[in-house]
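See below for the structure under consideration.
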Amino acid sequence: MSDQSAYSHLTIYQEHPFNAGTPLEALRRTFITPHDLFYIRSHGSCPIVKQEDYRLVVNGMVRQSLEFSLTDLLTRFEQQTITATLVCAGSRRNELAALHPLSGQVLWDADPISTATWRGVRLSDILQMAGIEEEARYVAFCGLDEAHEEGERISFGSSVRLEKALSPEVLLAHTMNGTPLTPEHGFPLRVLLPGYIAARSVKWVQTITLQSQPSTNYFQDRDYKLFPRDITAETVDWAQGETLEEIRLNSVICTPHDGETRKAGLINVQGYAITGEDAAIEHIELSLDRGATWIPAPIMEKTDRWAWCFWEATLELPPGEHQVMVRAWNSAGKTQPESLQPLWNFKGYANNAWHQVSFHLS
Ligand SMILES: Nc1nc2c(c(=O)[nH]1)N[C@H]1C(S)=C(S)[C@@H](COP(=O)(O)O)O[C@H]1N2
Ligand SMILES: [Mo]
């Protein structure tokens, strides 16, 4: 077992498996999330791996299967650093559940999201060394953890199309904010797929397999897929779902928080915005009248292409009840959907409707 008391300032949703979010105020405080505030999402155990015993295996449609120790990875390859945000596809599930119940899911607020500076080796360098066979289309990853799904003991896995796997931003990361990964975040090595939902960034990665088809691992094949509103757990045909990949354009108000009471006057509204799509976030808007009119909220901090941005606006508001909504626009002129209803899906994924908070000013 790992030391979960180290995470006492996270919002703990579940002890086994361990699932904890970053309180919204805390995650908006620093652009790079400190270790003890980084959210944790696990579907199974947290394996404690001894570095000297660890081996990474690369196999499947490669000219030569390879095996690496952590020292091999640290000494034989160029190391690269990237600042990237991880966000769970289940972020803001609580809002969807409030609309219509969702069963058996962790009801995350907008809190399974955090940013780190990661260091590791490029996946493409490893794959090139193994030699990619012509029929290979997907890269599958499998972890060392143990989860229980459909009555079986399995490890968490995912896969991505070969083109993404070969992109220079995709790392096998061993370091997070300058120190080795902690057990909860995948020590000694995890996949880092910037721009994709974090479920594809397999922790404690043990095998990397090149194949002609996507992974048949439960978490790739029968989870983390998006279905229309009328599909339920009873009627679902997993083959029909949309595999979740790129992070959708989204923005969230972190402070004030919903239900808060403050003194009337100058109110500082702060939040984050995120996208994984090619078009970058261009501007942020707030509305105080349920979307009839919008005012700009300047972006304060925006660094890497793969990281969130922070925005902020100061509003002068009289005493009374207030409601603020936020939406982001990207450089392709696209914005977020207005309402939750059409977005509802029985797994509670990909909620990027206009985020809102209500608060009282005295
Ligand atoms: N091996 C393994 N990798 C995993 C998971 C897991 O349960 N097991 N959870 C995934 C999901 S759903 C998310 S959102 C991220 C969470 O990463 P973090 O715990 O480092 O924040 O890891 C992903 N990688
Ligand atoms: Mo996730």
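Residue numbering restarts at 1 in every chain; chains get A, B, ... in the order shown in the structure tokens, and ligands count up from 1 in that same order.
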
*asked:* Applying 6 Å and only C-alpha atoms, which residues near segment 293-299 of chain A remain after dropping the ones on its own chain fewer than 5 positions away? List them as a ChimeraX atom specification.
replied: /A:284-287,310-313

How close does each residue of chain A get to ligand 2, giving the shortest atom pair and distance in Å to one decimal for every residue with an atom at most 8 Å away, counting only C-alpha atoms and all ligand atoms, sorted by chain and residue number, as CSV?
```
residue,atom,partner,partner_atom_place_in_ligand_line,distance
A:Arg41,CA,ligand 2,1 (Mo),6.1
A:Ser42,CA,ligand 2,1 (Mo),7.9
A:Val87,CA,ligand 2,1 (Mo),6.9
A:Cys88,CA,ligand 2,1 (Mo),3.6
A:Ala89,CA,ligand 2,1 (Mo),5.3
A:Gly90,CA,ligand 2,1 (Mo),6.1
A:Pro112,CA,ligand 2,1 (Mo),7.7
A:Ile197,CA,ligand 2,1 (Mo),7.0
A:Ala198,CA,ligand 2,1 (Mo),5.5
A:Ala199,CA,ligand 2,1 (Mo),4.5
```

_Using only C-alpha atoms and all ligand atoms, which residues have at least one atom no more than 8 Å from ligand 1? Output them as a ChimeraX atom specification._
/A:19,38-45,86-90,112-114,142-145,147,155-157,184-186,190,197-205

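Of the residues listed (A:Glu146, A:Glu134, A:Asp258, A:Glu338), A:Glu146 shows the shortest atom-to-atom separation from His16 of chain A; distances use only C-alpha atoms.
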
*Per-residue DSSP, segment 138-317 of chain A, filtered to helix (DSSP H, G or I), as a list in words*: Leu162, Glu163, Lys164, Ala165, Pro183, Glu184, His185, Ala198, Ala199, Arg200, Tyr218, Phe219, Gln220, Asp221, Trp238, Ala239 and Gln240 of chain A

_as JSON, numbers by chain, please: the residues near segment 66-74 of chain A (cut-off 6 Å, only C-alpha atoms, same-chain neighbours under 4 positions excluded)._
{"A": [55, 56, 57, 58]}

_Surrounding residues of Lys334 of chain A excluding itself and chain neighbours under 5 positions, 10 Å, only C-alpha atoms, as a list in words_ =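 Residues near the query, excluding close chain neighbours: Leu249, Ala279, Ile281, Glu282, Ala328 and Trp329 of chain A.
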
_DSSP strand (DSSP E) residues within segment 110-239 of chain A, listed as JSON, numbers by chain_ = {"A": [113, 114, 115, 116, 117, 118, 119, 120, 121, 122, 138, 139, 140, 141, 142, 143, 147, 148, 149, 152, 153, 154, 157, 158, 159, 160, 161, 171, 172, 173, 174, 175, 176, 179, 180, 190, 191, 192, 205, 206, 207, 208, 209, 210, 211, 225, 226]}
